[in-house]
Amino acid sequence: MARVGLEHEDRILEDPAEISAFLAQHGIWYRRFEALESLPESATNEEILAAFDAPIREQMARGGYVTADVVQVKPELPNIEEMLAKFRKEHWHDEDEVRFIVEGHGVFFIHPREAPVFRIEVGPGDMINVPKGTWHWFDLCPDRRIRAIRLFQDPAGWSPRYTGSGVDAGYEPVCLGPFDIPAK
């Protein structure tokens, strides 16, 4: 279940309705799916997409998304550090970033232009949309694994555009569970 860390208020949001209301203030929507089908480690991308076909198609119709794929990151993935280094830099996209977490955990750091940075830790059953143009960065949790379904309106529009602000360097590079360690 998602948790939102508001370090500037020393507060954590854990209630899905409270999380949705807070994120909506920043143009981010969040949905929680309680009953997820358990998939074997060996499940193919096609099997993962088929297992979650109904919620994916529903969201695709709502948001005008035209394609979906699966991203699977595991600790043993070759060049994992180089890949994560790209995600850990503050950036934005020309298109929404939609993620439906099937397995594992990760954290989005959101940097609103007129408000302090906050974190959204996501896990299995969480679906989130970081709207186009939103400054953010992402990292994995200590288990260093995530399986997520991604939705696209136009796959060509998803390339990161780095801000170069340096704000991301002031935050711990991985999610911290209960968010008990403040920004550096």
# chains A, B, ... in the order shown; residues from 1 in each chain; ligands from 1

$ select_by_dssp --residues "range 68-107 of chain A" --states "strand (DSSP E)" --output "ChimeraX atom specification"
/A:68-73,91-92,97-104,106-107

$ residues_around --residues "range 29-35 of chain A" --least-positions-apart "2" --cutoff "6 Å" --atoms "only C-alpha atoms" --output "NGL selection string"
:A and (20 or 24 or 125-129)

$ closest_residue --among "A:Lys86, A:Lys74, A:Arg119, A:Arg161" --to "Asp143 in chain A" --atoms "only C-alpha atoms"
A:Lys74

$ closest_residue --among "A:Ile56, A:Ala169, A:Leu84, A:Trp135" --to "Ala115 in chain A" --atoms "only C-alpha atoms"
A:Trp135

$ closest_residue --among "A:Phe109, A:Phe118, A:Tyr171, A:Phe152" --to "Lys132 in chain A" --atoms "only C-alpha atoms"
A:Phe152

$ closest_residue --among "A:Glu82, A:Ala2, A:Asp15, A:Tyr162" --to "Val107 in chain A" --atoms "only C-alpha atoms"
A:Ala2

$ residues_around --residues "Gln59 in chain A" --least-positions-apart "4" --cutoff "12 Å" --atoms "only C-alpha atoms" --output "PyMOL selection string"
chain A and resi 29-31+52-55+63-68+98-100+127-129+149-153

$ select_by_dssp --residues "range 81-134 of chain A" --states "alpha helix (DSSP H)" --output "list in words"
Glu81, Glu82, Met83, Leu84, Ala85, Lys86 and Phe87 of chain A

$ write_last_selection --atoms "N, CA and C atoms" --output "CSV table (one decimal), in the first residue's frame"
chain,number,residue,atom,x,y,z
A,81,GLU,N,22.7,-0.4,-11.9
A,81,GLU,CA,23.1,0.9,-11.3
A,81,GLU,C,23.1,2.0,-12.3
A,82,GLU,N,23.5,1.7,-13.5
A,82,GLU,CA,23.5,2.7,-14.6
A,82,GLU,C,22.1,3.1,-14.9
A,83,MET,N,21.2,2.1,-15.0
A,83,MET,CA,19.8,2.4,-15.3
A,83,MET,C,19.1,3.2,-14.2
A,84,LEU,N,19.4,2.8,-12.9
A,84,LEU,CA,18.8,3.6,-11.8
A,84,LEU,C,19.3,5.0,-11.7
A,85,ALA,N,20.6,5.2,-12.1
A,85,ALA,CA,21.2,6.5,-12.0
A,85,ALA,C,20.4,7.5,-12.9
A,86,LYS,N,19.8,7.0,-14.0
A,86,LYS,CA,19.0,7.9,-14.9
A,86,LYS,C,17.7,8.3,-14.2
A,87,PHE,N,17.1,7.3,-13.5
A,87,PHE,CA,15.8,7.5,-12.8
A,87,PHE,C,15.9,8.4,-11.6

$ atom_distance --atom1 "CA of Arg11 in chain A" --atom2 "CA of Leu23 in chain A"
14.4 Å

$ closest_residue --among "A:Asp168, A:Glu9, A:Asp96, A:Glu18" --to "Met60 in chain A" --atoms "only C-alpha atoms"
A:Asp96

$ closest_residue --among "A:Pro112, A:Val117, A:Asp154, A:Glu103" --to "Leu140 in chain A" --atoms "only C-alpha atoms"
A:Glu103

$ atom_distance --atom1 "CA of Lys89 in chain A" --atom2 "CA of Glu121 in chain A"
16.9 Å

$ atom_distance --atom1 "CA of Ile19 in chain A" --atom2 "CA of Val4 in chain A"
6.7 Å
